[in-house]
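With TSV, C-alpha atoms and all ligand atoms inside, this is structure39.tsv:
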```
chain	number	residue	atom	x	y	z
E	26	MET	CA	-7.67	24.21	27.23
E	27	ASN	CA	-6.09	22.95	24.01
E	28	SER	CA	-7.97	20.97	21.43
E	29	ALA	CA	-7.18	19.44	18.04
E	30	SER	CA	-9.04	17.29	15.58
E	31	ALA	CA	-8.16	15.08	12.62
E	32	PRO	CA	-10.20	13.60	9.75
E	33	GLY	CA	-10.79	9.99	8.72
E	34	LYS	CA	-9.44	8.39	5.53
E	35	ILE	CA	-10.52	5.96	2.83
E	36	ILE	CA	-8.55	3.99	0.24
E	37	LEU	CA	-9.42	5.16	-3.26
E	38	LEU	CA	-7.59	2.52	-5.31
E	39	GLY	CA	-4.88	-0.12	-4.99
E	40	GLU	CA	-5.80	-2.03	-1.81
E	41	HIS	CA	-4.36	-5.57	-1.53
E	42	ALA	CA	-1.97	-5.10	-4.48
E	43	VAL	CA	-0.25	-2.49	-2.27
E	44	VAL	CA	0.78	-5.32	0.09
E	45	TYR	CA	2.77	-6.78	-2.85
E	46	GLY	CA	4.64	-3.57	-3.67
E	47	GLN	CA	2.17	-1.84	-5.99
E	48	PRO	CA	1.08	1.79	-5.39
E	49	ALA	CA	-2.20	2.83	-3.74
E	50	LEU	CA	-4.16	6.08	-3.41
E	51	ALA	CA	-6.02	7.23	-0.31
E	52	VAL	CA	-7.96	10.40	0.49
E	53	PRO	CA	-9.05	12.18	3.69
E	54	VAL	CA	-12.67	11.97	4.84
E	55	LYS	CA	-13.29	15.34	6.45
E	56	GLN	CA	-16.92	14.70	7.36
E	57	VAL	CA	-15.86	12.45	10.23
E	58	ARG	CA	-13.29	13.52	12.83
E	59	ALA	CA	-11.50	12.54	16.01
E	60	THR	CA	-11.21	15.35	18.56
E	61	VAL	CA	-8.92	15.57	21.58
E	62	GLU	CA	-9.21	18.18	24.34
E	63	VAL	CA	-6.58	18.69	27.05
E	64	TRP	CA	-6.90	20.80	30.20
E	65	PRO	CA	-5.34	20.88	33.69
E	66	SER	CA	-6.61	18.49	36.36
E	67	GLU	CA	-7.00	19.37	40.00
E	68	TYR	CA	-6.22	15.72	40.80
E	69	ARG	CA	-2.88	13.97	40.49
E	70	GLY	CA	-2.38	12.04	37.28
E	71	VAL	CA	-3.35	11.86	33.62
E	72	TRP	CA	-7.12	11.36	33.41
E	73	ILE	CA	-8.44	9.89	30.19
E	74	ASP	CA	-12.08	10.06	29.18
E	75	ALA	CA	-12.93	8.30	25.89
E	76	PRO	CA	-16.69	7.68	25.93
E	77	ASP	CA	-16.76	6.09	22.46
E	78	ILE	CA	-14.76	3.14	23.75
E	79	ARG	CA	-16.24	3.41	27.27
E	80	LEU	CA	-12.89	4.22	28.79
E	81	LYS	CA	-12.53	6.45	31.83
E	82	ALA	CA	-9.29	5.88	33.73
E	83	GLU	CA	-6.07	7.28	35.08
E	84	LEU	CA	-3.13	6.46	32.82
E	85	HIS	CA	-1.22	4.35	35.36
E	86	ILE	CA	-4.23	2.07	35.91
E	87	LEU	CA	-4.09	1.00	32.27
E	88	SER	CA	-1.83	-1.84	31.28
E	89	ARG	CA	1.33	-0.63	29.49
E	90	ASP	CA	0.32	-2.45	26.32
E	91	HIS	CA	-3.08	-0.73	26.11
E	92	PRO	CA	-2.69	1.13	22.77
E	93	LEU	CA	-3.81	4.45	24.25
E	94	ALA	CA	-1.53	4.10	27.28
E	95	SER	CA	1.49	3.17	25.19
E	96	SER	CA	0.67	6.03	22.79
E	97	LEU	CA	0.71	8.48	25.69
E	98	HIS	CA	3.96	7.06	27.08
E	99	THR	CA	5.53	7.33	23.59
E	100	LEU	CA	4.34	10.92	23.29
E	101	PHE	CA	5.51	12.08	26.73
E	102	PHE	CA	8.84	10.36	26.16
E	103	SER	CA	9.40	12.03	22.79
E	104	LEU	CA	8.53	15.43	24.28
E	105	GLY	CA	10.90	14.79	27.21
E	106	ILE	CA	8.07	15.19	29.75
E	107	ASP	CA	8.83	13.49	33.09
E	108	PRO	CA	7.14	13.40	35.57
E	109	PHE	CA	3.76	13.49	33.84
E	110	PRO	CA	1.70	16.63	34.50
E	111	ASN	CA	-1.77	16.52	36.09
E	112	LEU	CA	-4.21	16.77	33.24
E	113	ASN	CA	-7.50	15.71	31.71
E	114	ILE	CA	-7.66	14.27	28.21
E	115	ARG	CA	-11.01	13.86	26.51
E	116	ILE	CA	-11.13	11.85	23.29
E	117	SER	CA	-14.23	11.80	21.12
E	118	SER	CA	-14.74	10.68	17.56
E	119	THR	CA	-17.40	10.49	14.87
E	120	ILE	CA	-15.23	8.07	12.86
E	121	PRO	CA	-16.69	4.56	12.91
E	122	ILE	CA	-14.23	2.25	14.70
E	123	ALA	CA	-12.54	-0.65	12.88
E	124	SER	CA	-14.15	0.08	9.53
E	125	GLY	CA	-11.19	1.11	7.37
E	126	LEU	CA	-11.75	4.81	8.03
E	127	GLY	CA	-8.55	5.30	10.02
E	128	SER	CA	-10.11	6.00	13.41
E	129	GLY	CA	-6.96	4.91	15.31
E	130	ALA	CA	-4.62	7.11	13.27
E	131	ALA	CA	-6.99	10.08	13.56
E	132	VAL	CA	-7.05	9.77	17.37
E	133	SER	CA	-3.22	9.58	17.39
E	134	VAL	CA	-2.82	12.68	15.22
E	135	ALA	CA	-5.33	14.71	17.27
E	136	LEU	CA	-3.73	13.50	20.51
E	137	ILE	CA	-0.23	14.49	19.40
E	138	ARG	CA	-1.37	17.93	18.24
E	139	ALA	CA	-3.49	18.75	21.29
E	140	LEU	CA	-0.96	17.50	23.86
E	141	SER	CA	2.16	18.94	22.25
E	142	ALA	CA	0.44	22.35	21.97
E	143	TYR	CA	-0.79	22.13	25.58
E	144	LEU	CA	2.75	21.35	26.75
E	145	GLY	CA	4.13	24.34	24.84
E	146	GLN	CA	5.92	22.24	22.20
E	147	PRO	CA	3.65	22.29	19.12
E	148	MET	CA	4.99	19.98	16.41
E	149	PRO	CA	5.33	20.49	12.67
E	150	ASP	CA	3.31	18.07	10.49
E	151	GLU	CA	6.37	16.01	9.60
E	152	GLU	CA	6.98	15.20	13.26
E	153	VAL	CA	3.29	14.62	13.95
E	154	ASN	CA	3.27	12.12	11.09
E	155	LYS	CA	6.38	10.31	12.31
E	156	LEU	CA	5.04	9.95	15.83
E	157	ALA	CA	1.57	8.93	14.63
E	158	PHE	CA	3.30	6.17	12.63
E	159	GLU	CA	4.98	4.94	15.83
E	160	MET	CA	1.54	4.84	17.46
E	161	GLU	CA	0.05	3.01	14.47
E	162	LYS	CA	2.59	0.26	15.10
E	163	LEU	CA	1.15	-0.15	18.60
E	164	TYR	CA	-2.33	-0.66	17.12
E	165	HIS	CA	-1.52	-2.65	13.98
E	166	GLY	CA	1.92	-4.23	14.22
E	167	THR	CA	3.01	-3.58	10.64
E	168	PRO	CA	1.14	-0.57	9.31
E	169	SER	CA	1.98	0.76	5.85
E	170	GLY	CA	2.02	4.39	7.00
E	171	ILE	CA	-0.71	5.40	4.60
E	172	ASP	CA	-3.35	6.18	7.28
E	173	ASN	CA	-1.21	8.49	9.42
E	174	THR	CA	0.06	10.34	6.33
E	175	VAL	CA	-3.35	11.03	4.72
E	176	ILE	CA	-4.73	12.05	8.11
E	177	THR	CA	-1.81	14.28	9.20
E	178	TYR	CA	-1.71	16.24	5.94
E	179	ALA	CA	-5.46	15.94	5.23
E	180	ARG	CA	-4.55	15.57	1.56
E	181	PRO	CA	-4.81	12.74	-0.97
E	182	VAL	CA	-1.69	10.57	-0.98
E	183	TYR	CA	0.10	8.24	-3.37
E	184	PHE	CA	1.74	5.43	-1.50
E	185	MET	CA	4.15	2.63	-2.36
E	186	ARG	CA	5.84	0.41	0.21
E	187	GLY	CA	9.38	1.44	0.99
E	188	LYS	CA	9.10	4.75	-0.90
E	189	PRO	CA	8.52	8.19	0.62
E	190	ILE	CA	4.78	8.96	0.60
E	191	GLU	CA	3.71	11.71	-1.79
E	192	THR	CA	0.73	14.03	-1.26
E	193	LEU	CA	-1.36	15.00	-4.29
E	194	LYS	CA	-3.31	18.11	-5.23
E	195	PRO	CA	-6.41	17.27	-7.31
E	196	ARG	CA	-6.87	19.65	-10.23
E	197	GLU	CA	-10.67	19.40	-9.89
E	198	ARG	CA	-12.62	18.66	-6.77
E	199	PHE	CA	-14.60	15.43	-6.68
E	200	THR	CA	-17.06	13.76	-4.35
E	201	ILE	CA	-16.83	10.30	-2.83
E	202	ILE	CA	-19.85	8.54	-1.36
E	203	ILE	CA	-18.93	5.78	1.08
E	204	GLY	CA	-21.43	2.97	1.56
E	205	ASP	CA	-21.00	0.57	4.47
E	206	THR	CA	-22.30	-2.98	4.04
E	207	GLY	CA	-22.49	-3.18	7.84
E	208	LEU	CA	-20.75	-6.56	7.64
E	209	PRO	CA	-17.65	-6.79	9.80
E	210	ALA	CA	-14.77	-8.12	7.73
E	211	PRO	CA	-11.34	-8.25	9.35
E	212	THR	CA	-8.78	-7.01	6.82
E	213	LYS	CA	-6.28	-9.44	8.32
E	214	GLU	CA	-8.36	-12.40	7.07
E	215	SER	CA	-8.81	-11.26	3.48
E	216	VAL	CA	-5.11	-10.38	3.30
E	217	ALA	CA	-4.17	-13.83	4.69
E	218	ASP	CA	-6.54	-15.68	2.32
E	219	LEU	CA	-5.13	-13.87	-0.68
E	220	ARG	CA	-1.62	-14.70	0.46
E	221	LYS	CA	-2.48	-18.41	0.47
E	222	LEU	CA	-3.73	-18.15	-3.12
E	223	TRP	CA	-0.62	-16.19	-4.13
E	224	GLU	CA	1.64	-18.82	-2.60
E	225	LYS	CA	0.05	-21.47	-4.83
E	226	ASP	CA	0.38	-19.52	-8.10
E	227	ARG	CA	2.46	-16.37	-7.78
E	228	HIS	CA	2.57	-15.75	-11.51
E	229	LEU	CA	-1.22	-15.59	-11.83
E	230	TRP	CA	-1.85	-13.24	-8.90
E	231	GLU	CA	1.11	-11.00	-9.55
E	232	GLY	CA	-0.24	-10.40	-13.06
E	233	ILE	CA	-3.38	-8.97	-11.44
E	234	PHE	CA	-1.40	-6.92	-8.91
E	235	THR	CA	0.65	-5.38	-11.73
E	236	GLU	CA	-2.55	-4.46	-13.56
E	237	VAL	CA	-3.91	-2.82	-10.38
E	238	GLY	CA	-0.65	-0.85	-10.09
E	239	ARG	CA	-1.05	0.39	-13.66
E	240	ILE	CA	-4.60	1.52	-12.88
E	241	VAL	CA	-3.43	3.37	-9.76
E	242	ASN	CA	-0.80	5.27	-11.76
E	243	GLU	CA	-3.37	6.21	-14.38
E	244	ALA	CA	-5.74	7.31	-11.62
E	245	ARG	CA	-3.08	9.53	-10.09
E	246	HIS	CA	-2.65	11.18	-13.47
E	247	ALA	CA	-6.43	11.56	-13.86
E	248	ILE	CA	-6.66	13.26	-10.42
E	249	GLU	CA	-3.78	15.62	-11.12
E	250	TYR	CA	-5.20	16.57	-14.52
E	251	GLY	CA	-8.83	16.88	-13.42
E	252	LYS	CA	-10.09	13.95	-15.50
E	253	ILE	CA	-12.78	12.78	-13.12
E	254	LYS	CA	-14.73	10.70	-15.62
E	255	GLU	CA	-11.58	8.73	-16.38
E	256	LEU	CA	-11.02	8.25	-12.64
E	257	GLY	CA	-14.49	6.66	-12.44
E	258	GLU	CA	-13.68	4.20	-15.21
E	259	LEU	CA	-10.45	3.27	-13.45
E	260	MET	CA	-12.35	2.62	-10.22
E	261	ASP	CA	-14.68	0.28	-12.10
E	262	ARG	CA	-11.71	-1.62	-13.52
E	263	ASN	CA	-10.08	-1.81	-10.11
E	264	HIS	CA	-13.28	-3.32	-8.69
E	265	GLU	CA	-13.27	-6.03	-11.38
E	266	LEU	CA	-9.70	-6.91	-10.46
E	267	LEU	CA	-10.61	-6.98	-6.76
E	268	GLN	CA	-13.38	-9.45	-7.65
E	269	GLN	CA	-10.77	-11.61	-9.36
E	270	LEU	CA	-8.66	-11.31	-6.22
E	271	THR	CA	-11.68	-12.90	-4.40
E	272	VAL	CA	-12.06	-10.02	-1.94
E	273	SER	CA	-15.46	-8.73	-3.06
E	274	SER	CA	-18.79	-10.16	-1.89
E	275	SER	CA	-22.38	-10.20	-3.12
E	276	GLU	CA	-23.26	-7.37	-0.71
E	277	LEU	CA	-20.39	-5.18	-1.96
E	278	ASP	CA	-21.21	-5.98	-5.60
E	279	ARG	CA	-24.84	-5.07	-5.00
E	280	LEU	CA	-23.91	-1.64	-3.57
E	281	VAL	CA	-21.41	-1.03	-6.37
E	282	GLU	CA	-24.09	-1.83	-9.00
E	283	ALA	CA	-26.68	0.33	-7.25
E	284	ALA	CA	-24.30	3.33	-7.20
E	285	ARG	CA	-23.48	2.97	-10.88
E	286	LYS	CA	-27.16	2.68	-11.83
E	287	ALA	CA	-27.91	5.82	-9.81
E	288	GLY	CA	-25.37	7.80	-11.84
E	289	ALA	CA	-21.97	7.31	-10.18
E	290	LEU	CA	-19.01	7.81	-12.52
E	291	GLY	CA	-17.43	4.71	-11.01
E	292	ALA	CA	-17.67	2.50	-7.94
E	293	LYS	CA	-15.61	-0.15	-6.18
E	294	LEU	CA	-15.06	-1.83	-2.84
E	295	SER	CA	-12.59	-0.04	-0.57
E	296	GLY	CA	-10.14	-1.49	1.95
E	297	GLY	CA	-9.94	-5.11	3.01
E	298	GLY	CA	-13.19	-6.19	1.27
E	299	ARG	CA	-15.51	-9.19	1.80
E	300	GLY	CA	-17.64	-6.73	3.81
E	301	GLY	CA	-16.87	-3.25	5.08
E	302	ASN	CA	-17.08	-0.32	2.71
E	303	MET	CA	-17.49	0.50	-0.95
E	304	ILE	CA	-17.06	3.91	-2.55
E	305	ALA	CA	-18.75	5.70	-5.45
E	306	LEU	CA	-17.46	8.68	-7.40
E	307	ILE	CA	-19.41	11.70	-8.54
E	308	ASP	CA	-18.33	15.01	-10.02
E	309	ALA	CA	-18.14	17.82	-7.41
E	310	ALA	CA	-20.02	19.98	-9.91
E	311	SER	CA	-22.98	17.57	-9.82
E	312	SER	CA	-26.18	18.79	-8.24
E	313	ASN	CA	-27.15	17.85	-4.70
E	314	SER	CA	-29.90	15.72	-6.18
E	315	GLY	CA	-27.24	13.69	-8.03
E	316	VAL	CA	-25.53	12.93	-4.72
E	317	THR	CA	-28.86	12.22	-2.98
E	318	ALA	CA	-29.86	9.78	-5.73
E	319	ILE	CA	-26.73	7.72	-5.13
E	320	GLU	CA	-27.05	7.91	-1.32
E	321	GLU	CA	-30.69	6.79	-1.49
E	322	SER	CA	-29.92	4.03	-3.94
E	323	LEU	CA	-27.14	2.71	-1.69
E	324	LYS	CA	-29.47	2.68	1.31
E	325	ARG	CA	-32.15	0.84	-0.68
E	326	ALA	CA	-29.53	-1.71	-1.74
E	327	GLY	CA	-28.71	-2.38	1.93
E	328	ALA	CA	-26.06	0.15	3.01
E	329	ARG	CA	-26.13	0.57	6.78
E	330	ARG	CA	-24.38	3.93	6.72
E	331	VAL	CA	-23.53	6.40	3.98
E	332	ILE	CA	-20.89	9.14	4.31
E	333	THR	CA	-20.38	11.69	1.57
E	334	THR	CA	-17.12	13.61	1.36
E	335	ARG	CA	-15.62	16.12	-1.01
E	336	VAL	CA	-11.98	15.64	-2.02
E	337	GLU	CA	-10.01	18.77	-2.89
O	1	LIG	O1	-9.39	-1.46	5.30
O	1	LIG	P1	-8.23	-0.54	5.30
O	1	LIG	O2	-8.56	0.86	4.88
O	1	LIG	O3	-7.42	-0.59	6.56
O	1	LIG	O4	-7.28	-1.02	4.13
O	1	LIG	C1	-6.69	-2.28	4.02
O	1	LIG	C2	-5.81	-2.26	2.82
O	1	LIG	C3	-5.13	-3.56	2.44
O	1	LIG	O5	-4.38	-3.27	1.27
O	1	LIG	C4	-6.13	-4.63	2.13
O	1	LIG	C5	-4.20	-4.06	3.53
O	1	LIG	C6	-2.97	-3.23	3.75
O	1	LIG	O6	-2.31	-3.44	4.81
O	1	LIG	O7	-2.59	-2.40	2.90
```

Can you dump the structure from the file as C-alpha cells?
Amino acid sequence: MNSASAPGKIILLGEHAVVYGQPALAVPVKQVRATVEVWPSEYRGVWIDAPDIRLKAELHILSRDHPLASSLHTLFFSLGIDPFPNLNIRISSTIPIASGLGSGAAVSVALIRALSAYLGQPMPDEEVNKLAFEMEKLYHGTPSGIDNTVITYARPVYFMRGKPIETLKPRERFTIIIGDTGLPAPTKESVADLRKLWEKDRHLWEGIFTEVGRIVNEARHAIEYGKIKELGELMDRNHELLQQLTVSSSELDRLVEAARKAGALGAKLSGGGRGGNMIALIDAASSNSGVTAIEESLKRAGARRVITTRVE
C-alpha cells in the first residue's frame, strides 16, 4: 500500500487585493490533513472510497466532469497509464470542506503523491505542484495557484498574480489561531460584490488595494526578519482595510476583537470574508495558557471551531 498526506492552508494577508494584482501571503495549516491510500484491488476497476463526501464508486460510474474523476483521468494521462490498473483509493480528510482551508488542493496533492508512488513514478514537488494546479482548475475555474503551492511545499508563500510564487522561511516561528464563525460565505459572492463597487469608483478602491499590497510587503519582511509583533500590527491594519472593502461582518469583527483582548498580537478576517474564518497571531514562545486564553475567548465570542497551528 502507498499513502501520502498533505496539510491545509490559510491566507495570512492580502486577500481580495490579490485579485487586483497585489501580493498576498499564505501559510500551511499542518494540524489538518488530507490523506490518500492506494492498494491493489481484486476487482476490475479503480475503486474510490471518500467517506467525508459520502462517495463510494468505481471511476467509470462517475461523470467525466466530477472533479475527482477528472482529476484521476488527468493524473493517469500525465503518467501515461492506460489501461487503468485495478486499485482501491481511499481518501480521508480532517480539513473542513469549503471553508478557505484548501481541502480540494490538499486532496489533489495527496492523491498525486500516493498514486504516482504506487505506480512507480514518484514525482518531484515541482511536478506535483503543476499537476495539482491543473486539478484546481477543475474545482475552481480560475484558481490563483496559491493553494496548491502552499500545500505542495508546506511552506509559507508570497504570491502575486502572473509572477512565479516564492516560498518563505520565517526567521522565528509563530502561532496562528483560526476561528471559524460557522457562517457559510461563498468567496465568489464577496469577490463579485467588491468588483461591482470597484467598477463604480476604481480610483477609490485601488487606493485601498495598493495600501493592502504595501502591508503585505512589510509583513513579508517582518516574517523573514522575525519581527512577529510588527506582523501582528500589520494584520490589524489589514483587517481595517478589509472592513473598508466591505468584506468583514459583525461576527468576524467580534471574534477579531475577542482575540485581541485575550492577548493576540494581531487579528484579522481571512479569505473571502463576510463569514468564514478569522485568524489571530501569537508568539510561538508564548505559554500554552496564552494560546488557551485566545482559543477560549474565541469560543465564548461565538467561534464554532478553533484550529491552532504553528508556522515555521
Ligand atoms: O477563502 P480563500 O482562502 O479561498 O481565499 C479567497 C481569497 C480571495 O482573495 C478573496 C479570492 C481569490 O481568488 O484570491

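Nearest-residue note for Ser117 (chain E): choosing from E:Asn263, E:Pro53, E:Ala29, E:His85, the minimum distance belongs to E:Ala29, counting all atoms listed in the file.
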
List every residue of chain E that has an atom at most 6 Å from any atom of ligand LIG 1 (chain O), giving for each one its closest atom pair and the distance in Å to one decimal, counting all atoms listed in the file, sorted by chain and then by ascending residue number, as a tab-separated table.
```
residue	atom	partner	partner_atom	distance
E:Ile35	CA	O:LIG1	O2	5.8
E:Ile36	CA	O:LIG1	O2	5.6
E:Glu40	CA	O:LIG1	O5	3.6
E:His41	CA	O:LIG1	O5	3.6
E:Val43	CA	O:LIG1	O5	5.5
E:Val44	CA	O:LIG1	O7	5.3
E:Gly125	CA	O:LIG1	O2	3.6
E:Leu126	CA	O:LIG1	O2	6.0
E:Thr212	CA	O:LIG1	O1	5.8
E:Val216	CA	O:LIG1	C4	6.0
E:Gly296	CA	O:LIG1	O1	3.4
E:Gly297	CA	O:LIG1	C4	3.9
```

Exercise for review: May I have the residues within 10 Å of region 164-168 of chain E as a list in words, using all atoms listed in the file and disregarding those fewer than 4 positions away in the same chain?
Suggested key: Asp90, His91, Pro92, Leu93, Ser95, Ser96, Gly129, Ala130, Phe158, Glu159, Met160, Asp172 and Asn173 of chain E

I need the chosen residues saved as an mmCIF file, in the frame of the given file, with C-alpha atoms.
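Ended up saving to result13.cif:
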```cif
data_model
loop_
_atom_site.group_PDB
_atom_site.id
_atom_site.type_symbol
_atom_site.label_atom_id
_atom_site.label_comp_id
_atom_site.auth_asym_id
_atom_site.auth_seq_id
_atom_site.Cartn_x
_atom_site.Cartn_y
_atom_site.Cartn_z
ATOM 1 C CA ASP E 90 0.320 -2.450 26.320
ATOM 2 C CA HIS E 91 -3.080 -0.730 26.110
ATOM 3 C CA PRO E 92 -2.690 1.130 22.770
ATOM 4 C CA LEU E 93 -3.810 4.450 24.250
ATOM 5 C CA SER E 95 1.490 3.170 25.190
ATOM 6 C CA SER E 96 0.670 6.030 22.790
ATOM 7 C CA GLY E 129 -6.960 4.910 15.310
ATOM 8 C CA ALA E 130 -4.620 7.110 13.270
ATOM 9 C CA PHE E 158 3.300 6.170 12.630
ATOM 10 C CA GLU E 159 4.980 4.940 15.830
ATOM 11 C CA MET E 160 1.540 4.840 17.460
ATOM 12 C CA ASP E 172 -3.350 6.180 7.280
ATOM 13 C CA ASN E 173 -1.210 8.490 9.420
#
```

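Near Glu249 (chain E), within a cut-off of 7 Å and counting all atoms listed in the file, sit the residues Lys194, Pro195, Arg196, Arg245 and His246 of chain E, with same-chain residues fewer than 3 positions away left out.
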
Can you tell me which residues surround Ala42 (chain E) at a distance of at most 8 Å, considering all atoms listed in the file, apart from same-chain residues fewer than 2 positions away, and format the answer as a PDB file with C-alpha atoms, keeping the file's coordinate frame?
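And here is the file that came out, result-v5.pdb:
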```
ATOM      1  CA  GLY E  39      -4.880  -0.120  -4.990  1.00  0.00           C
ATOM      2  CA  GLU E  40      -5.800  -2.030  -1.810  1.00  0.00           C
ATOM      3  CA  VAL E  44       0.780  -5.320   0.090  1.00  0.00           C
ATOM      4  CA  TYR E  45       2.770  -6.780  -2.850  1.00  0.00           C
ATOM      5  CA  GLY E  46       4.640  -3.570  -3.670  1.00  0.00           C
ATOM      6  CA  GLN E  47       2.170  -1.840  -5.990  1.00  0.00           C
ATOM      7  CA  PRO E  48       1.080   1.790  -5.390  1.00  0.00           C
ATOM      8  CA  ALA E  49      -2.200   2.830  -3.740  1.00  0.00           C
ATOM      9  CA  PHE E 234      -1.400  -6.920  -8.910  1.00  0.00           C
ATOM     10  CA  THR E 235       0.650  -5.380 -11.730  1.00  0.00           C
ATOM     11  CA  VAL E 237      -3.910  -2.820 -10.380  1.00  0.00           C
ATOM     12  CA  GLY E 238      -0.650  -0.850 -10.090  1.00  0.00           C
TER      13      GLY E 238
END
```

**Study point:** Among the residues E:Gly300, E:Gly315, E:Pro149, E:Gly327, the one that comes closest to Glu282 (chain E) [using all atoms listed in the file]
**Key:** E:Gly327

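Residues within 9 Å of region 73-81 of chain E, counting all atoms listed in the file and excluding same-chain residues fewer than 5 positions away, are E:Leu112, E:Asn113, E:Ile114, E:Arg115, E:Ile116, E:Ser117, E:Ser118, E:Thr119.
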
Review point. Counting only C-alpha atoms, which of E:Leu266, E:Val134, E:Ile202, E:Met26 gets nearest to Val331 (chain E)?
Key: E:Ile202

Point to revise | Å distance separating CA of Arg262 (chain E) from CA of Ser314 (chain E), one decimal place | key: 26.2 Å

Practice item. Provide the CA of Met260 (chain E) to CA of Ile203 (chain E) distance in Å, to one decimal place. Key: 13.5 Å

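Across the model, the gap from CA of Leu104 (chain E) to CA of Val63 (chain E) is 15.7 Å.
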
Find the axis-aligned box for region 314-333 of chain E, covering all its listed atoms and adding 6 Å on each side, and write its centre and edge lengths in Å to one decimal as JSON.
```
{"center_x": -26.3, "center_y": 6.7, "center_z": -0.6, "size_x": 23.8, "size_y": 30.1, "size_z": 26.8}
```

Review point. So which one's closest to Trp72 (chain E), E:Thr206, E:Asn111, E:Thr60, E:Ser28? Using only C-alpha atoms, please.
Key: E:Asn111

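Proximity ranking of E:Ser133, E:Thr99, E:Ser295, E:Gln146 relative to Leu50 (chain E) places E:Ser295 first, based on all atoms listed in the file.
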
Point to revise | Surrounding residues of Ile248 (chain E) excluding itself and chain neighbours under 5 positions, 9 Å, only C-alpha atoms, as a PyMOL selection string | key: chain E and resi 193-198+243+253+255-256

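Of the listed residues E:Ala157, E:Val54, E:Val182, E:Val61, the one whose atoms come nearest to Val241 (chain E) is E:Val182, with distances taken using only C-alpha atoms.
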
Model the absent atoms of region 230-241 of chain E so that N, CA, C and O atoms are present, and write the result as a tab-separated table (two decimals), keeping the file's coordinate frame.
```tsv
chain	number	residue	atom	x	y	z
E	230	TRP	N	-1.39	-14.36	-9.74
E	230	TRP	CA	-1.85	-13.24	-8.90
E	230	TRP	C	-1.00	-12.00	-9.10
E	230	TRP	O	-1.51	-10.88	-9.09
E	231	GLU	N	0.27	-12.19	-9.35
E	231	GLU	CA	1.11	-11.00	-9.55
E	231	GLU	C	0.76	-10.28	-10.85
E	231	GLU	O	0.90	-9.06	-10.94
E	232	GLY	N	0.25	-11.04	-11.83
E	232	GLY	CA	-0.24	-10.40	-13.06
E	232	GLY	C	-1.37	-9.42	-12.73
E	232	GLY	O	-1.42	-8.30	-13.25
E	233	ILE	N	-2.25	-9.84	-11.83
E	233	ILE	CA	-3.38	-8.97	-11.44
E	233	ILE	C	-2.86	-7.76	-10.63
E	233	ILE	O	-3.28	-6.63	-10.86
E	234	PHE	N	-1.93	-8.04	-9.71
E	234	PHE	CA	-1.40	-6.92	-8.91
E	234	PHE	C	-0.75	-5.86	-9.81
E	234	PHE	O	-0.91	-4.66	-9.59
E	235	THR	N	-0.02	-6.32	-10.82
E	235	THR	CA	0.65	-5.38	-11.73
E	235	THR	C	-0.39	-4.53	-12.46
E	235	THR	O	-0.22	-3.33	-12.64
E	236	GLU	N	-1.48	-5.18	-12.86
E	236	GLU	CA	-2.55	-4.46	-13.56
E	236	GLU	C	-3.18	-3.42	-12.62
E	236	GLU	O	-3.46	-2.29	-13.02
E	237	VAL	N	-3.38	-3.79	-11.36
E	237	VAL	CA	-3.91	-2.82	-10.38
E	237	VAL	C	-2.95	-1.63	-10.27
E	237	VAL	O	-3.37	-0.47	-10.29
E	238	GLY	N	-1.66	-1.92	-10.20
E	238	GLY	CA	-0.65	-0.85	-10.09
E	238	GLY	C	-0.73	0.11	-11.27
E	238	GLY	O	-0.65	1.33	-11.10
E	239	ARG	N	-0.94	-0.45	-12.46
E	239	ARG	CA	-1.05	0.39	-13.66
E	239	ARG	C	-2.26	1.31	-13.54
E	239	ARG	O	-2.21	2.49	-13.85
E	240	ILE	N	-3.37	0.75	-13.05
E	240	ILE	CA	-4.60	1.52	-12.88
E	240	ILE	C	-4.39	2.66	-11.88
E	240	ILE	O	-4.83	3.79	-12.07
E	241	VAL	N	-3.68	2.35	-10.79
E	241	VAL	CA	-3.43	3.37	-9.76
E	241	VAL	C	-2.61	4.52	-10.35
E	241	VAL	O	-2.90	5.70	-10.13
```
